[in-house]
file run14.pdb (PDB, C-alpha atoms)
ATOM      1  CA  MET S 245     128.298 117.587 110.003
ATOM      2  CA  GLU S 246     125.681 119.228 107.795
ATOM      3  CA  LYS S 247     124.368 115.804 106.758
ATOM      4  CA  ASP S 248     124.044 114.808 110.422
ATOM      5  CA  LYS S 249     122.101 118.010 111.149
ATOM      6  CA  ASP S 250     119.786 117.344 108.203
ATOM      7  CA  ALA S 251     119.213 113.779 109.407
ATOM      8  CA  ASP S 252     118.416 115.034 112.933
ATOM      9  CA  ASN S 253     115.995 117.601 111.513
ATOM     10  CA  ASP S 254     114.259 114.921 109.433
ATOM     11  CA  ASN S 255     113.947 112.670 112.496
ATOM     12  CA  ASN S 256     112.477 115.535 114.529
ATOM     13  CA  VAL S 257     109.968 116.327 111.785
ATOM     14  CA  GLN S 258     108.933 112.660 111.596
ATOM     15  CA  LYS S 259     108.579 112.484 115.390
ATOM     16  CA  ASP S 260     106.491 115.697 115.484
ATOM     17  CA  THR S 261     104.303 114.384 112.653
ATOM     18  CA  ALA S 262     103.772 111.069 114.472
ATOM     19  CA  ILE S 263     102.790 112.902 117.685
ATOM     20  CA  TRP S 264     100.410 115.166 115.753
ATOM     21  CA  ILE S 265      98.763 112.189 114.017
ATOM     22  CA  GLU S 266      98.434 110.305 117.312
ATOM     23  CA  LYS S 267      96.857 113.331 119.023
ATOM     24  CA  TYR S 268      94.478 114.552 116.331
ATOM     25  CA  ARG S 269      93.294 111.386 114.648
ATOM     26  CA  PRO S 270      89.606 110.951 115.552
ATOM     27  CA  GLY S 271      88.907 108.623 118.442
ATOM     28  CA  THR S 272      85.115 108.577 118.641
ATOM     29  CA  PHE S 273      82.255 107.853 116.270
ATOM     30  CA  THR S 274      80.735 111.282 116.905
ATOM     31  CA  GLU S 275      83.723 112.823 115.110
ATOM     32  CA  ILE S 276      82.735 110.988 111.908
ATOM     33  CA  LYS S 277      80.091 112.966 110.054
ATOM     34  CA  GLY S 278      77.455 111.146 108.015
ATOM     35  CA  GLN S 279      77.391 107.355 107.482
ATOM     36  CA  ASP S 280      74.977 106.966 110.431
ATOM     37  CA  ASP S 281      73.782 103.544 109.286
ATOM     38  CA  ILE S 282      77.320 102.186 109.083
ATOM     39  CA  LYS S 283      78.260 103.649 112.473
ATOM     40  CA  LYS S 284      75.331 101.873 114.172
ATOM     41  CA  LYS S 285      76.262  98.491 112.708
ATOM     42  CA  VAL S 286      79.967  98.809 113.479
ATOM     43  CA  GLN S 287      79.216  99.958 117.042
ATOM     44  CA  ALA S 288      77.085  96.817 117.474
ATOM     45  CA  PHE S 289      80.109  94.667 116.543
ATOM     46  CA  ILE S 290      82.303  96.504 119.066
ATOM     47  CA  LYS S 291      79.690  96.123 121.788
ATOM     48  CA  GLN S 292      79.727  92.343 121.241
ATOM     49  CA  GLY S 293      83.545  92.360 121.405
ATOM     50  CA  ASN S 294      83.719  90.526 118.098
ATOM     51  CA  MET S 295      83.450  91.360 114.416
ATOM     52  CA  PRO S 296      83.819  89.784 110.963
ATOM     53  CA  HIS S 297      86.309  90.940 108.343
ATOM     54  CA  LEU S 298      85.081  94.335 107.126
ATOM     55  CA  MET S 299      85.222  96.008 103.734
ATOM     56  CA  PHE S 300      84.680  99.769 103.475
ATOM     57  CA  SER S 301      83.971 100.865  99.910
ATOM     58  CA  GLY S 302      83.140 104.292  98.522
ATOM     59  CA  PRO S 303      84.446 107.625  97.207
ATOM     60  CA  ALA S 304      87.499 109.388  98.652
ATOM     61  CA  GLY S 305      87.127 111.587 101.726
ATOM     62  CA  THR S 306      83.978 109.973 103.107
ATOM     63  CA  GLY S 307      85.464 108.563 106.340
ATOM     64  CA  LYS S 308      86.612 105.007 105.496
ATOM     65  CA  SER S 309      90.121 105.256 106.985
ATOM     66  CA  THR S 310      88.843 107.264 109.947
ATOM     67  CA  MET S 311      86.204 104.619 110.654
ATOM     68  CA  ALA S 312      88.866 101.868 110.699
ATOM     69  CA  ILE S 313      91.036 103.813 113.165
ATOM     70  CA  VAL S 314      88.069 104.561 115.443
ATOM     71  CA  VAL S 315      87.147 100.850 115.408
ATOM     72  CA  ALA S 316      90.695  99.975 116.550
ATOM     73  CA  LYS S 317      90.699 102.635 119.279
ATOM     74  CA  LYS S 318      87.310 101.520 120.604
ATOM     75  CA  MET S 319      88.197  97.842 120.435
ATOM     76  CA  PHE S 320      91.669  98.028 121.988
ATOM     77  CA  GLY S 321      91.688 101.244 124.055
ATOM     78  CA  GLU S 322      94.881 103.182 124.768
ATOM     79  CA  ASN S 323      97.206 100.431 123.494
ATOM     80  CA  TRP S 324      95.490 100.176 120.122
ATOM     81  CA  ARG S 325      98.747 100.734 118.228
ATOM     82  CA  GLN S 326     100.190  97.417 119.459
ATOM     83  CA  ASN S 327      97.364  95.401 117.917
ATOM     84  CA  PHE S 328      96.725  97.463 114.783
ATOM     85  CA  LEU S 329      98.702  97.317 111.530
ATOM     86  CA  GLU S 330      97.943  99.955 108.905
ATOM     87  CA  LEU S 331      99.228  99.475 105.362
ATOM     88  CA  ASN S 332      98.553 101.457 102.215
ATOM     89  CA  ALA S 333      98.127  98.881  99.506
ATOM     90  CA  SER S 334      98.824 101.382  96.710
ATOM     91  CA  ASP S 335     102.411 101.733  98.037
ATOM     92  CA  GLU S 336     102.892  98.104  99.085
ATOM     93  CA  ARG S 337     100.827  96.197  96.586
ATOM     94  CA  GLY S 338     102.886  93.091  95.777
ATOM     95  CA  ILE S 339     102.534  89.503  96.894
ATOM     96  CA  ASP S 340     105.666  89.713  99.106
ATOM     97  CA  VAL S 341     103.978  92.253 101.392
ATOM     98  CA  VAL S 342     101.066  89.869 101.993
ATOM     99  CA  ARG S 343     103.339  86.840 102.415
ATOM    100  CA  HIS S 344     105.658  88.503 104.913
ATOM    101  CA  LYS S 345     104.498  91.718 106.596
ATOM    102  CA  VAL S 346     100.778  90.880 106.730
ATOM    103  CA  LYS S 347     101.222  87.166 107.466
ATOM    104  CA  ASP S 348     103.818  87.733 110.214
ATOM    105  CA  PHE S 349     101.524  90.206 111.991
ATOM    106  CA  ALA S 350      98.421  88.038 111.563
ATOM    107  CA  ARG S 351      99.927  84.784 112.858
ATOM    108  CA  THR S 352     100.905  86.134 116.326
ATOM    109  CA  ARG S 353      98.437  86.480 119.184
ATOM    110  CA  ALA S 354      97.111  89.877 120.261
ATOM    111  CA  LEU S 355      98.763  91.711 123.158
ATOM    112  CA  GLY S 356      96.683  92.315 126.259
ATOM    113  CA  ASN S 357      93.147  91.209 127.051
ATOM    114  CA  VAL S 358      91.759  91.553 123.524
ATOM    115  CA  PRO S 359      90.364  88.798 121.281
ATOM    116  CA  PHE S 360      92.289  89.542 118.072
ATOM    117  CA  LYS S 361      94.450  91.995 116.132
ATOM    118  CA  ILE S 362      93.292  94.204 113.251
ATOM    119  CA  ILE S 363      95.069  94.678 109.921
ATOM    120  CA  PHE S 364      93.857  97.689 107.968
ATOM    121  CA  LEU S 365      94.626  97.610 104.237
ATOM    122  CA  ASP S 366      93.892 101.038 102.794
ATOM    123  CA  GLU S 367      93.309 101.332  99.027
ATOM    124  CA  SER S 368      93.093  97.549  98.803
ATOM    125  CA  ASP S 369      91.760  97.756  95.236
ATOM    126  CA  ALA S 370      95.367  98.554  94.213
ATOM    127  CA  LEU S 371      96.546  95.073  95.270
ATOM    128  CA  THR S 372      97.605  92.817  92.406
ATOM    129  CA  LYS S 373      95.506  89.712  91.701
ATOM    130  CA  GLU S 374      98.336  87.487  92.989
ATOM    131  CA  ALA S 375      98.509  89.490  96.236
ATOM    132  CA  GLN S 376      94.738  89.197  96.625
ATOM    133  CA  GLN S 377      94.911  85.425  96.234
ATOM    134  CA  ALA S 378      97.619  85.254  98.921
ATOM    135  CA  LEU S 379      95.529  87.550 101.134
ATOM    136  CA  ARG S 380      92.519  85.259 100.735
ATOM    137  CA  ARG S 381      94.455  82.353 102.228
ATOM    138  CA  THR S 382      95.815  84.508 105.069
ATOM    139  CA  MET S 383      92.301  85.706 105.947
ATOM    140  CA  GLU S 384      91.125  82.101 105.962
ATOM    141  CA  ASN S 385      93.962  80.659 108.053
ATOM    142  CA  TYR S 386      94.310  83.310 110.780
ATOM    143  CA  THR S 387      90.694  84.215 111.572
ATOM    144  CA  THR S 388      91.154  83.291 115.250
ATOM    145  CA  THR S 389      94.018  85.775 115.810
ATOM    146  CA  CYS S 390      93.308  88.545 113.321
ATOM    147  CA  ARG S 391      90.572  90.510 111.575
ATOM    148  CA  PHE S 392      90.988  92.491 108.367
ATOM    149  CA  ILE S 393      89.506  95.849 107.406
ATOM    150  CA  LEU S 394      89.832  96.506 103.667
ATOM    151  CA  SER S 395      89.231 100.014 102.349
ATOM    152  CA  ASN S 396      88.754 100.762  98.654
ATOM    153  CA  ASN S 397      87.076 103.029  96.137
ATOM    154  CA  TYR S 398      85.826 100.191  93.913
ATOM    155  CA  SER S 399      84.833  96.887  95.536
ATOM    156  CA  SER S 400      84.472  95.354  92.055
ATOM    157  CA  LYS S 401      88.287  95.312  91.798
ATOM    158  CA  ILE S 402      88.479  92.916  94.764
ATOM    159  CA  ILE S 403      88.274  89.213  93.888
ATOM    160  CA  ASP S 404      85.034  87.394  94.812
ATOM    161  CA  PRO S 405      86.602  85.032  97.413
ATOM    162  CA  ILE S 406      87.721  88.041  99.479
ATOM    163  CA  GLN S 407      84.398  89.861  99.056
ATOM    164  CA  SER S 408      82.513  86.769 100.269
ATOM    165  CA  ARG S 409      84.647  86.687 103.447
ATOM    166  CA  CYS S 410      83.881  90.320 104.353
ATOM    167  CA  THR S 411      80.888  92.303 105.509
ATOM    168  CA  LEU S 412      80.633  95.105 102.947
ATOM    169  CA  PHE S 413      79.760  98.678 103.936
ATOM    170  CA  ARG S 414      79.250 101.231 101.167
ATOM    171  CA  PHE S 415      80.127 104.808 102.115
ATOM    172  CA  ARG S 416      78.254 107.660 100.450
ATOM    173  CA  PRO S 417      79.450 111.213  99.727
ATOM    174  CA  LEU S 418      78.654 113.467 102.687
ATOM    175  CA  GLU S 419      75.322 115.275 102.617
ATOM    176  CA  LYS S 420      75.078 119.048 102.687
ATOM    177  CA  LYS S 421      74.179 119.218 106.401
ATOM    178  CA  ASP S 422      77.240 117.114 107.290
ATOM    179  CA  VAL S 423      79.587 119.224 105.153
ATOM    180  CA  LEU S 424      78.223 122.440 106.676
ATOM    181  CA  ALA S 425      78.647 120.960 110.185
ATOM    182  CA  ILE S 426      82.314 120.222 109.425
ATOM    183  CA  ILE S 427      82.836 123.744 108.054
ATOM    184  CA  GLU S 428      81.248 125.342 111.135
ATOM    185  CA  ASN S 429      83.311 123.135 113.444
ATOM    186  CA  ILE S 430      86.551 124.193 111.722
ATOM    187  CA  GLU S 431      85.393 127.808 111.636
ATOM    188  CA  GLY S 432      84.913 127.830 115.403
ATOM    189  CA  LYS S 433      88.108 125.999 116.333
ATOM    190  CA  GLU S 434      90.370 127.909 113.942
ATOM    191  CA  LYS S 435      88.670 131.296 114.586
ATOM    192  CA  LEU S 436      87.909 131.884 110.903
ATOM    193  CA  LYS S 437      85.189 133.983 109.319
ATOM    194  CA  ILE S 438      83.465 132.119 106.508
ATOM    195  CA  ASP S 439      80.520 133.864 104.848
ATOM    196  CA  SER S 440      77.404 131.945 103.730
ATOM    197  CA  LYS S 441      78.262 132.119 100.012
ATOM    198  CA  ALA S 442      81.721 130.699 100.724
ATOM    199  CA  LYS S 443      80.133 127.788 102.624
ATOM    200  CA  GLU S 444      77.880 127.045  99.647
ATOM    201  CA  ALA S 445      80.906 127.214  97.346
ATOM    202  CA  LEU S 446      82.875 124.844  99.585
ATOM    203  CA  PHE S 447      80.036 122.325  99.556
ATOM    204  CA  GLU S 448      79.693 122.534  95.772
ATOM    205  CA  ILE S 449      83.434 122.137  95.158
ATOM    206  CA  SER S 450      83.996 119.340  97.685
ATOM    207  CA  GLU S 451      81.156 117.196  96.262
ATOM    208  CA  GLY S 452      80.853 115.389  99.595
ATOM    209  CA  ASP S 453      84.615 114.789  99.921
ATOM    210  CA  CYS S 454      85.685 115.860 103.429
ATOM    211  CA  ARG S 455      89.417 115.637 102.642
ATOM    212  CA  LYS S 456      89.055 117.922  99.632
ATOM    213  CA  LEU S 457      86.980 120.341 101.694
ATOM    214  CA  GLU S 458      89.594 120.595 104.461
ATOM    215  CA  ASN S 459      92.472 121.011 102.005
ATOM    216  CA  ILE S 460      90.734 123.938 100.285
ATOM    217  CA  LEU S 461      89.856 125.505 103.648
ATOM    218  CA  GLN S 462      93.443 125.184 104.845
ATOM    219  CA  SER S 463      94.741 126.862 101.681
ATOM    220  CA  CYS S 464      92.239 129.697 102.037
ATOM    221  CA  ALA S 465      93.002 130.187 105.746
ATOM    222  CA  ALA S 466      96.720 130.512 104.961
ATOM    223  CA  LEU S 467      95.921 133.617 102.886
ATOM    224  CA  ASP S 468      93.167 135.285 104.889
ATOM    225  CA  GLU S 469      91.131 134.695 108.069
ATOM    226  CA  LYS S 470      88.063 136.036 106.264
ATOM    227  CA  ILE S 471      87.107 133.446 103.653
ATOM    228  CA  THR S 472      84.907 134.595 100.777
ATOM    229  CA  GLU S 473      83.348 132.891  97.773
ATOM    230  CA  GLU S 474      85.910 134.555  95.474
ATOM    231  CA  LEU S 475      88.827 133.209  97.534
ATOM    232  CA  VAL S 476      87.370 129.681  97.631
ATOM    233  CA  PHE S 477      86.905 129.442  93.859
ATOM    234  CA  SER S 478      90.333 130.965  93.291
ATOM    235  CA  MET S 479      92.118 128.456  95.576
ATOM    236  CA  ALA S 480      90.170 125.504  94.169
ATOM    237  CA  SER S 481      90.994 126.560  90.589
ATOM    238  CA  ILE S 482      87.325 126.307  89.647
ATOM    239  CA  ALA S 483      85.265 128.877  87.779
ATOM    240  CA  LYS S 484      82.126 130.272  89.382
ATOM    241  CA  PRO S 485      79.044 128.388  88.157
ATOM    242  CA  ALA S 486      77.428 131.711  87.161
ATOM    243  CA  GLU S 487      80.398 132.522  84.900
ATOM    244  CA  VAL S 488      80.225 129.137  83.160
ATOM    245  CA  LYS S 489      76.472 129.560  82.719
ATOM    246  CA  ASP S 490      77.089 132.971  81.083
ATOM    247  CA  ILE S 491      79.344 131.303  78.494
ATOM    248  CA  LEU S 492      76.653 128.784  77.600
ATOM    249  CA  GLU S 493      73.940 131.426  77.398
ATOM    250  CA  LEU S 494      76.064 133.480  75.008
ATOM    251  CA  ALA S 495      76.607 130.403  72.824
ATOM    252  CA  VAL S 496      72.915 129.472  72.600
ATOM    253  CA  LYS S 497      72.079 133.119  71.815
ATOM    254  CA  ASN S 498      74.295 132.845  68.708
ATOM    255  CA  ARG S 499      77.053 135.062  70.157
ATOM    256  CA  PHE S 500      79.877 132.635  69.452
ATOM    257  CA  ILE S 501      82.776 135.143  69.537
ATOM    258  CA  ASP S 502      81.652 136.579  72.890
ATOM    259  CA  ALA S 503      81.244 133.074  74.348
ATOM    260  CA  ARG S 504      84.701 132.056  73.055
ATOM    261  CA  ASN S 505      86.393 135.158  74.499
ATOM    262  CA  LYS S 506      84.722 134.746  77.881
ATOM    263  CA  LEU S 507      85.704 131.078  77.996
ATOM    264  CA  LEU S 508      89.375 131.870  77.329
ATOM    265  CA  ASP S 509      89.335 134.679  79.923
ATOM    266  CA  ILE S 510      87.931 132.363  82.584
ATOM    267  CA  MET S 511      90.398 129.571  81.793
ATOM    268  CA  LEU S 512      93.319 132.001  82.090
ATOM    269  CA  LYS S 513      91.899 133.672  85.215
ATOM    270  CA  TYR S 514      91.491 130.424  87.181
ATOM    271  CA  GLY S 515      94.256 128.422  85.474
ATOM    272  CA  LEU S 516      91.820 125.760  84.259
ATOM    273  CA  SER S 517      92.572 122.881  81.932
ATOM    274  CA  GLY S 518      90.172 121.740  79.238
ATOM    275  CA  GLN S 519      89.230 118.692  81.341
ATOM    276  CA  ASP S 520      88.308 120.934  84.282
ATOM    277  CA  ILE S 521      86.132 123.379  82.378
ATOM    278  CA  ILE S 522      84.238 120.812  80.317
ATOM    279  CA  LYS S 523      83.002 119.068  83.473
ATOM    280  CA  GLN S 524      81.697 122.382  84.756
ATOM    281  CA  ILE S 525      80.058 123.078  81.380
ATOM    282  CA  GLN S 526      78.296 119.711  81.516
ATOM    283  CA  LYS S 527      76.884 120.472  84.981
ATOM    284  CA  GLN S 528      75.624 123.920  84.006
ATOM    285  CA  ILE S 529      73.823 122.699  80.868
ATOM    286  CA  LEU S 530      71.066 121.257  83.067
ATOM    287  CA  ASP S 531      70.319 124.723  84.507
ATOM    288  CA  LEU S 532      69.873 126.403  81.106
ATOM    289  CA  ASN S 533      66.417 127.594  80.090
ATOM    290  CA  ILE S 534      66.312 125.632  76.827
ATOM    291  CA  ASP S 535      64.504 122.649  75.343
ATOM    292  CA  ASP S 536      65.305 119.247  76.931
ATOM    293  CA  ARG S 537      66.224 117.765  73.546
ATOM    294  CA  MET S 538      68.811 120.532  73.135
ATOM    295  CA  LYS S 539      70.234 119.738  76.603
ATOM    296  CA  VAL S 540      70.559 116.068  75.654
ATOM    297  CA  HIS S 541      72.441 116.989  72.484
ATOM    298  CA  MET S 542      74.775 119.381  74.342
ATOM    299  CA  ILE S 543      75.647 116.838  77.035
ATOM    300  CA  ASP S 544      76.284 114.204  74.354
ATOM    301  CA  LYS S 545      78.637 116.634  72.599
ATOM    302  CA  CYS S 546      80.473 117.319  75.900
ATOM    303  CA  GLY S 547      81.192 113.604  76.202
ATOM    304  CA  GLU S 548      82.548 113.474  72.652
ATOM    305  CA  ILE S 549      84.794 116.518  73.141
ATOM    306  CA  GLU S 550      86.124 115.228  76.472
ATOM    307  CA  PHE S 551      87.042 111.933  74.807
ATOM    308  CA  ARG S 552      88.918 113.785  72.068
ATOM    309  CA  MET S 553      90.875 115.775  74.663
ATOM    310  CA  THR S 554      91.856 112.645  76.590
ATOM    311  CA  GLU S 555      93.091 111.193  73.299
ATOM    312  CA  GLY S 556      95.451 114.145  72.903
ATOM    313  CA  SER S 557      93.576 116.742  70.850
ATOM    314  CA  ASP S 558      94.257 120.447  71.431
ATOM    315  CA  GLU S 559      91.951 121.491  74.287
ATOM    316  CA  TYR S 560      91.398 125.087  73.132
ATOM    317  CA  LEU S 561      90.468 123.977  69.612
ATOM    318  CA  GLN S 562      88.104 121.320  70.952
ATOM    319  CA  LEU S 563      86.394 123.750  73.353
ATOM    320  CA  GLU S 564      85.900 126.263  70.529
ATOM    321  CA  ALA S 565      84.412 123.451  68.430
ATOM    322  CA  LEU S 566      82.067 122.657  71.331
ATOM    323  CA  LEU S 567      80.817 126.246  71.566
ATOM    324  CA  ALA S 568      80.492 126.413  67.760
ATOM    325  CA  ASN S 569      78.359 123.263  67.848
ATOM    326  CA  PHE S 570      76.110 124.769  70.537
ATOM    327  CA  THR S 571      75.665 127.895  68.416
ATOM    328  CA  LEU S 572      74.989 126.014  65.150
ATOM    329  CA  CYS S 573      72.425 123.730  66.796
ATOM    330  CA  ASN S 574      70.511 126.746  68.008
ATOM    331  CA  LEU S 575      70.532 128.273  64.508
ATOM    332  CA  LYS S 576      68.871 125.213  62.948
TER     333      LYS S 576
END
call {"tool": "encode", "arguments": {"input": "run14.pdb", "output": "structure tokens"}}
result
Amino acid sequence: MEKDKDADNDNNVQKDTAIWIEKYRPGTFTEIKGQDDIKKKVQAFIKQGNMPHLMFSGPAGTGKSTMAIVVAKKMFGENWRQNFLELNASDERGIDVVRHKVKDFARTRALGNVPFKIIFLDESDALTKEAQQALRRTMENYTTTCRFILSNNYSSKIIDPIQSRCTLFRFRPLEKKDVLAIIENIEGKEKLKIDSKAKEALFEISEGDCRKLENILQSCAALDEKITEELVFSMASIAKPAEVKDILELAVKNRFIDARNKLLDIMLKYGLSGQDIIKQIQKQILDLNIDDRMKVHMIDKCGEIEFRMTEGSDEYLQLEALLANFTLCNLK
């Protein structure tokens, strides 16, 4: 009986999730921030009622998947689900998926008064080479009944025959004005209070990644309706840029022990790994008031230390060695 109840609960959760996704997934181009150039070109295809195979390439959280769903909704209207197949290639990346699931959907005619179906392959750069070769033939054979939208982070991982069959659109990280517009939109709808410093912090942390931005905001909102800079950095597990800059300034002023102690305090305070903190150190080097040649040397040393950490060296020892190097270089 308990197993039956658990199964019913799981089914209800899945149904609620499906309804939520159906209701809140964007349905218009105005809901996609940034990428204005791409939106104009894609809208032109929809207006003609025809389009080539599309490839959306770029960093995570820039609107690639959202753009594909909006294209389907605009092309097919309310019944878009019947003529739209969405697959995540990182989960289903083998040749069998292309030979069966993709091919079976592509070979049948579209339902209703629409010219073709759309298959959306998210994270297509995770497809194996064999699967990509099979996909190439499917794209070639079923052009009259189906169009493909391929989404990936690195178009270079897609074989040339597929790239030559697609119109490539490169997505860029969102600009500051777009990120701030998204923050203000969420602030109004969710009745949050986000101060100006917190908005700047959110933009800096997200690095133009809308998904990352919304995840951090959701975590912050779960703790407090009033979102501050301190809360944002704490939830993102990132040190304040000013604190990282203080560490570097102590090191170049020959105060190695103070710099070391402050570094350890910050890592413990925010729960940072060596990989996290060294990337922040590298960014803050450019803002230091020191000679450019010294900056070049420090950034070069950051790259060396990061490599050592990825190879398995002790992160605390390597970070201390980094600060010691900064101090010694300034003494010469």
call {"tool": "resolve_selection", "arguments": {"input": "run14.pdb", "expression": "the PyMOL selection byres ((chain S and resi 467-471) around 10)", "output": "list in words"}}
result
Glu431, Glu434, Lys435, Leu436, Lys437, Ile438, Asp439, Ser440, Lys441, Ala442, Lys443, Leu461, Gln462, Ser463, Cys464, Ala465, Ala466, Thr472, Glu473, Glu474, Leu475, Val476 and Met479 of chain S
call {"tool": "resolve_selection", "arguments": {"input": "run14.pdb", "expression": "the PyMOL selection byres ((chain S and resi 318) around 10)", "output": "PyMOL selection string"}}
result
chain S and resi 271-273+287+290-291+293+313-317+319-322+324
call {"tool": "closest_residue", "arguments": {"input": "run14.pdb", "among": "S:Phe477, S:Phe500, S:Phe415, S:Phe289", "to": "Tyr514 (chain S)", "atoms": "all atoms listed in the file"}}
result
S:Phe477
call {"tool": "resolve_selection", "arguments": {"input": "run14.pdb", "expression": "the PyMOL selection byres ((chain S and resi 394) around 8)", "output": "compact mmCIF listing (two decimals) with C-alpha atoms, keeping the file's coordinate frame"}}
result
# COMPACT_ATOMS: atom_id res chain seq x y z
CA LEU S 298 85.08 94.34 107.13
CA MET S 299 85.22 96.01 103.73
CA PHE S 300 84.68 99.77 103.48
CA PHE S 364 93.86 97.69 107.97
CA LEU S 365 94.63 97.61 104.24
CA ASP S 366 93.89 101.04 102.79
CA GLU S 367 93.31 101.33 99.03
CA SER S 368 93.09 97.55 98.80
CA PHE S 392 90.99 92.49 108.37
CA ILE S 393 89.51 95.85 107.41
CA SER S 395 89.23 100.01 102.35
CA ASN S 396 88.75 100.76 98.65
call {"tool": "atom_distance", "arguments": {"input": "run14.pdb", "atom1": "CA of Ala503 (chain S)", "atom2": "CA of Glu550 (chain S)"}}
result
18.6 Å
call {"tool": "closest_residue", "arguments": {"input": "run14.pdb", "among": "S:Arg416, S:Arg552, S:Arg381, S:Lys539", "to": "Gly278 (chain S)", "atoms": "only C-alpha atoms"}}
result
S:Arg416
call {"tool": "atom_distance", "arguments": {"input": "run14.pdb", "atom1": "CA of Glu458 (chain S)", "atom2": "CA of Thr274 (chain S)"}}
result
17.9 Å
call {"tool": "closest_residue", "arguments": {"input": "run14.pdb", "among": "S:Leu563, S:Ile426, S:Ser478, S:Leu494", "to": "Ser517 (chain S)", "atoms": "all atoms listed in the file"}}
result
S:Leu563
call {"tool": "residues_around", "arguments": {"input": "run14.pdb", "residues": "Cys573 (chain S)", "least_positions_apart": "6", "cutoff": "12 Å", "atoms": "all atoms listed in the file", "output": "ChimeraX atom specification"}}
result
/S:495-498,500,534-535,537-542,545,566-567
call {"tool": "closest_residue", "arguments": {"input": "run14.pdb", "among": "S:Gln279, S:Thr352, S:Thr554, S:Thr387", "to": "Arg409 (chain S)", "atoms": "only C-alpha atoms"}}
result
S:Thr387
call {"tool": "atom_distance", "arguments": {"input": "run14.pdb", "atom1": "CA of Ile510 (chain S)", "atom2": "CA of Glu487 (chain S)"}}
result
7.9 Å
call {"tool": "closest_residue", "arguments": {"input": "run14.pdb", "among": "S:Lys433, S:Leu418, S:Pro303, S:Gln562", "to": "Tyr398 (chain S)", "atoms": "only C-alpha atoms"}}
result
S:Pro303
call {"tool": "closest_residue", "arguments": {"input": "run14.pdb", "among": "S:Thr411, S:Asn327, S:Asn294, S:Thr310", "to": "Glu275 (chain S)", "atoms": "only C-alpha atoms"}}
result
S:Thr310
call {"tool": "residues_around", "arguments": {"input": "run14.pdb", "residues": "Pro417 (chain S)", "least_positions_apart": "5", "cutoff": "8 Å", "atoms": "only C-alpha atoms", "output": "PyMOL selection string"}}
result
chain S and resi 302-303+305-306+451-453
call {"tool": "write_last_selection", "arguments": {"input": "run14.pdb", "atoms": "C-alpha atoms", "output": "compact mmCIF listing (two decimals), in the frame of the given file"}}
result
# COMPACT_ATOMS: atom_id res chain seq x y z
CA GLY S 302 83.14 104.29 98.52
CA PRO S 303 84.45 107.62 97.21
CA GLY S 305 87.13 111.59 101.73
CA THR S 306 83.98 109.97 103.11
CA GLU S 451 81.16 117.20 96.26
CA GLY S 452 80.85 115.39 99.60
CA ASP S 453 84.62 114.79 99.92
call {"tool": "residues_around", "arguments": {"input": "run14.pdb", "residues": "Phe349 (chain S)", "least_positions_apart": "2", "cutoff": "12 Å", "atoms": "only C-alpha atoms", "output": "NGL selection string"}}
result
:S and (326-331 or 341-347 or 351-355 or 360-364 or 382-383 or 386 or 389-392)
call {"tool": "write_last_selection", "arguments": {"input": "run14.pdb", "atoms": "C-alpha atoms", "output": "short mmCIF file (atom, residue, chain, number, x, y, z; two decimals), in the frame of the given file"}}
result
data_model
loop_
_atom_site.label_atom_id
_atom_site.label_comp_id
_atom_site.auth_asym_id
_atom_site.auth_seq_id
_atom_site.Cartn_x
_atom_site.Cartn_y
_atom_site.Cartn_z
CA GLN S 326 100.19 97.42 119.46
CA ASN S 327 97.36 95.40 117.92
CA PHE S 328 96.72 97.46 114.78
CA LEU S 329 98.70 97.32 111.53
CA GLU S 330 97.94 99.96 108.90
CA LEU S 331 99.23 99.48 105.36
CA VAL S 341 103.98 92.25 101.39
CA VAL S 342 101.07 89.87 101.99
CA ARG S 343 103.34 86.84 102.42
CA HIS S 344 105.66 88.50 104.91
CA LYS S 345 104.50 91.72 106.60
CA VAL S 346 100.78 90.88 106.73
CA LYS S 347 101.22 87.17 107.47
CA ARG S 351 99.93 84.78 112.86
CA THR S 352 100.90 86.13 116.33
CA ARG S 353 98.44 86.48 119.18
CA ALA S 354 97.11 89.88 120.26
CA LEU S 355 98.76 91.71 123.16
CA PHE S 360 92.29 89.54 118.07
CA LYS S 361 94.45 92.00 116.13
CA ILE S 362 93.29 94.20 113.25
CA ILE S 363 95.07 94.68 109.92
CA PHE S 364 93.86 97.69 107.97
CA THR S 382 95.82 84.51 105.07
CA MET S 383 92.30 85.71 105.95
CA TYR S 386 94.31 83.31 110.78
CA THR S 389 94.02 85.78 115.81
CA CYS S 390 93.31 88.54 113.32
CA ARG S 391 90.57 90.51 111.58
CA PHE S 392 90.99 92.49 108.37
#
call {"tool": "residues_around", "arguments": {"input": "run14.pdb", "residues": "Asp369 (chain S)", "least_positions_apart": "6", "cutoff": "10 Å", "atoms": "all atoms listed in the file", "output": "list in words"}}
result
Ser301, Ala333, Ser334, Arg337, Gln376, Leu394, Ser395, Asn396, Asn397, Tyr398, Ser399, Ser400, Lys401, Ile402 and Ile403 of chain S
